[in-house]
Amino acid sequence: MKEISAGGVVYRRTPENGLQIQLIQDRYGKVSLPKGKMEPGETVEETALREIVEETGMTGRIIEPIDQIKYQYRHETKGLVDKEVHYYLVEATGGTLQAQVEEIRGVEWFEPEEAWRKQKQSGYDNNDRIVSRALRLLGLNI
């Protein structure tokens, strides 16, 4: 069975012309990125933007694709699942930062260097290249 999810690395520009990256803390206490399963009739891009709004309260626009992560896991009723997660670079355009407490523990904005440090310390290894690529797409070399 195949399962497709999508999400993004959300960023915003601050009035001082700075840059901030959004990270979530998932239900397991790990640093992660907003993402979720594709619903019938949605495109992958629509899934990414919907999941970002649901999990973080922020609306955004996709700037460009970052990459995909593929892995397998065993589901108790579905058996072996081929999981594909599409990540996009997303610029925040509105909304109010608010964690979806049913799904995640928290969401915050970080300076790029701090976001990278948190990802390396407490994030999932397979997200390292997603965050790293997003930072490079934003013109940063961390």
# chains A, B, ... in the order shown; residues from 1 in each chain; ligands from 1

$ residues_around --residues "stretch 71-76 of chain A" --least-positions-apart "4" --cutoff "12 Å" --atoms "only C-alpha atoms" --output "list in words"
Met1, Lys2, Glu3, Ile4, Ser5, Leu80, Val81, Asp82, Lys83, Glu84, Val85 and Asn126 of chain A

$ write_last_selection --atoms "N, CA, C and O atoms" --output "PDB file, in the first residue's frame"
ATOM      1  N   MET A   1       0.836  -1.185   0.000  1.00  0.00           N
ATOM      2  CA  MET A   1       0.000   0.000   0.000  1.00  0.00           C
ATOM      3  C   MET A   1       0.880   1.247   0.000  1.00  0.00           C
ATOM      4  O   MET A   1       1.936   1.269   0.609  1.00  0.00           O
ATOM      5  N   LYS A   2       0.422   2.285  -0.692  1.00  0.00           N
ATOM      6  CA  LYS A   2       1.181   3.533  -0.757  1.00  0.00           C
ATOM      7  C   LYS A   2       0.411   4.635  -0.034  1.00  0.00           C
ATOM      8  O   LYS A   2      -0.799   4.731  -0.152  1.00  0.00           O
ATOM      9  N   GLU A   3       1.151   5.446   0.722  1.00  0.00           N
ATOM     10  CA  GLU A   3       0.563   6.570   1.452  1.00  0.00           C
ATOM     11  C   GLU A   3       1.363   7.821   1.109  1.00  0.00           C
ATOM     12  O   GLU A   3       2.590   7.803   1.177  1.00  0.00           O
ATOM     13  N   ILE A   4       0.658   8.886   0.727  1.00  0.00           N
ATOM     14  CA  ILE A   4       1.331  10.140   0.366  1.00  0.00           C
ATOM     15  C   ILE A   4       0.984  11.215   1.391  1.00  0.00           C
ATOM     16  O   ILE A   4      -0.179  11.386   1.749  1.00  0.00           O
ATOM     17  N   SER A   5       2.008  11.896   1.872  1.00  0.00           N
ATOM     18  CA  SER A   5       1.836  13.038   2.761  1.00  0.00           C
ATOM     19  C   SER A   5       2.583  14.225   2.172  1.00  0.00           C
ATOM     20  O   SER A   5       3.429  14.056   1.288  1.00  0.00           O
ATOM     21  N   LEU A  80       2.564  -3.649   5.284  1.00  0.00           N
ATOM     22  CA  LEU A  80       3.697  -2.807   4.909  1.00  0.00           C
ATOM     23  C   LEU A  80       3.209  -1.626   4.069  1.00  0.00           C
ATOM     24  O   LEU A  80       2.524  -1.807   3.063  1.00  0.00           O
ATOM     25  N   VAL A  81       3.565  -0.407   4.505  1.00  0.00           N
ATOM     26  CA  VAL A  81       3.124   0.811   3.823  1.00  0.00           C
ATOM     27  C   VAL A  81       4.347   1.520   3.241  1.00  0.00           C
ATOM     28  O   VAL A  81       5.339   1.734   3.932  1.00  0.00           O
ATOM     29  N   ASP A  82       4.263   1.845   1.951  1.00  0.00           N
ATOM     30  CA  ASP A  82       5.285   2.673   1.301  1.00  0.00           C
ATOM     31  C   ASP A  82       4.868   4.122   1.495  1.00  0.00           C
ATOM     32  O   ASP A  82       3.869   4.567   0.937  1.00  0.00           O
ATOM     33  N   LYS A  83       5.639   4.852   2.284  1.00  0.00           N
ATOM     34  CA  LYS A  83       5.313   6.235   2.630  1.00  0.00           C
ATOM     35  C   LYS A  83       6.160   7.177   1.787  1.00  0.00           C
ATOM     36  O   LYS A  83       7.360   6.974   1.627  1.00  0.00           O
ATOM     37  N   GLU A  84       5.505   8.212   1.262  1.00  0.00           N
ATOM     38  CA  GLU A  84       6.167   9.234   0.460  1.00  0.00           C
ATOM     39  C   GLU A  84       5.735  10.589   1.020  1.00  0.00           C
ATOM     40  O   GLU A  84       4.544  10.870   1.095  1.00  0.00           O
ATOM     41  N   VAL A  85       6.710  11.408   1.440  1.00  0.00           N
ATOM     42  CA  VAL A  85       6.395  12.725   1.995  1.00  0.00           C
ATOM     43  C   VAL A  85       7.037  13.791   1.116  1.00  0.00           C
ATOM     44  O   VAL A  85       8.247  13.791   0.910  1.00  0.00           O
ATOM     45  N   ASN A 126      16.009  12.102   8.923  1.00  0.00           N
ATOM     46  CA  ASN A 126      15.650  12.253   7.507  1.00  0.00           C
ATOM     47  C   ASN A 126      15.152  13.664   7.176  1.00  0.00           C
ATOM     48  O   ASN A 126      15.012  14.004   6.016  1.00  0.00           O
TER      49      ASN A 126
END

$ select_by_dssp --residues "chain A" --states "strand (DSSP E)" --output "MDAnalysis selection string"
chainID A and resid 2:13 19:26 31:32 35:37 58:75 79:95 104:110

$ closest_residue --among "A:Ile52, A:Ala6, A:Ala92, A:Ile24" --to "A:Gly106" --atoms "only C-alpha atoms"
A:Ile24

$ closest_residue --among "A:Thr56, A:Thr47, A:Asn17, A:Gln98" --to "A:Leu33" --atoms "only C-alpha atoms"
A:Thr56

$ select_by_dssp --residues "stretch 45-132 of chain A" --states "alpha helix (DSSP H)" --output "MDAnalysis selection string"
chainID A and resid 45:56 112:122 128:132

$ write_last_selection --atoms "N, CA and C atoms" --output "short mmCIF file (atom, residue, chain, number, x, y, z; two decimals), in the first residue's frame"
data_model
loop_
_atom_site.label_atom_id
_atom_site.label_comp_id
_atom_site.auth_asym_id
_atom_site.auth_seq_id
_atom_site.Cartn_x
_atom_site.Cartn_y
_atom_site.Cartn_z
N GLU A 45 0.30 19.70 -3.43
CA GLU A 45 0.51 21.08 -2.99
C GLU A 45 -0.62 21.54 -2.07
N GLU A 46 -1.87 21.20 -2.42
CA GLU A 46 -3.01 21.56 -1.57
C GLU A 46 -2.90 20.88 -0.21
N THR A 47 -2.44 19.64 -0.21
CA THR A 47 -2.24 18.92 1.05
C THR A 47 -1.24 19.65 1.93
N ALA A 48 -0.12 20.04 1.36
CA ALA A 48 0.93 20.73 2.12
C ALA A 48 0.38 22.00 2.77
N LEU A 49 -0.30 22.82 1.99
CA LEU A 49 -0.82 24.09 2.51
C LEU A 49 -1.92 23.86 3.55
N ARG A 50 -2.79 22.88 3.33
CA ARG A 50 -3.86 22.58 4.30
C ARG A 50 -3.27 22.10 5.62
N GLU A 51 -2.29 21.21 5.54
CA GLU A 51 -1.69 20.67 6.77
C GLU A 51 -0.97 21.76 7.55
N ILE A 52 -0.31 22.68 6.86
CA ILE A 52 0.38 23.78 7.54
C ILE A 52 -0.64 24.64 8.30
N VAL A 53 -1.75 24.97 7.66
CA VAL A 53 -2.80 25.76 8.34
C VAL A 53 -3.35 24.98 9.53
N GLU A 54 -3.68 23.71 9.32
CA GLU A 54 -4.27 22.90 10.40
C GLU A 54 -3.34 22.78 11.61
N GLU A 55 -2.07 22.51 11.35
CA GLU A 55 -1.15 22.24 12.45
C GLU A 55 -0.59 23.49 13.10
N THR A 56 -0.45 24.59 12.32
CA THR A 56 0.26 25.76 12.85
C THR A 56 -0.55 27.05 12.85
N PRO A 112 17.33 31.31 11.60
CA PRO A 112 17.79 30.15 10.83
C PRO A 112 18.86 29.29 11.53
N GLU A 113 19.85 29.92 12.15
CA GLU A 113 20.91 29.16 12.82
C GLU A 113 20.35 28.34 13.98
N GLU A 114 19.42 28.93 14.72
CA GLU A 114 18.79 28.24 15.85
C GLU A 114 17.90 27.10 15.35
N ALA A 115 17.17 27.33 14.26
CA ALA A 115 16.33 26.28 13.68
C ALA A 115 17.18 25.08 13.26
N TRP A 116 18.33 25.36 12.64
CA TRP A 116 19.22 24.29 12.20
C TRP A 116 19.79 23.53 13.41
N ARG A 117 20.17 24.27 14.46
CA ARG A 117 20.71 23.63 15.66
C ARG A 117 19.65 22.72 16.30
N LYS A 118 18.42 23.20 16.40
CA LYS A 118 17.34 22.41 16.99
C LYS A 118 17.04 21.17 16.15
N GLN A 119 17.05 21.34 14.82
CA GLN A 119 16.83 20.19 13.94
C GLN A 119 17.90 19.13 14.17
N LYS A 120 19.16 19.54 14.22
CA LYS A 120 20.27 18.59 14.40
C LYS A 120 20.21 17.93 15.78
N GLN A 121 19.81 18.68 16.80
CA GLN A 121 19.79 18.14 18.17
C GLN A 121 18.59 17.25 18.45
N SER A 122 17.40 17.69 18.02
CA SER A 122 16.17 17.02 18.45
C SER A 122 15.25 16.63 17.32
N ASP A 128 16.96 16.31 8.17
CA ASP A 128 18.18 17.13 8.08
C ASP A 128 18.35 17.71 6.68
N ARG A 129 18.25 16.85 5.66
CA ARG A 129 18.47 17.33 4.29
C ARG A 129 17.35 18.24 3.82
N ILE A 130 16.13 18.06 4.36
CA ILE A 130 15.00 18.92 3.98
C ILE A 130 15.25 20.34 4.52
N VAL A 131 15.58 20.44 5.80
CA VAL A 131 15.83 21.76 6.41
C VAL A 131 17.07 22.39 5.80
N SER A 132 18.11 21.60 5.59
CA SER A 132 19.35 22.10 5.00
C SER A 132 19.09 22.67 3.60
#

$ closest_residue --among "A:Gly123, A:Pro65, A:Gly7, A:Gly95" --to "A:Pro34" --atoms "only C-alpha atoms"
A:Gly7
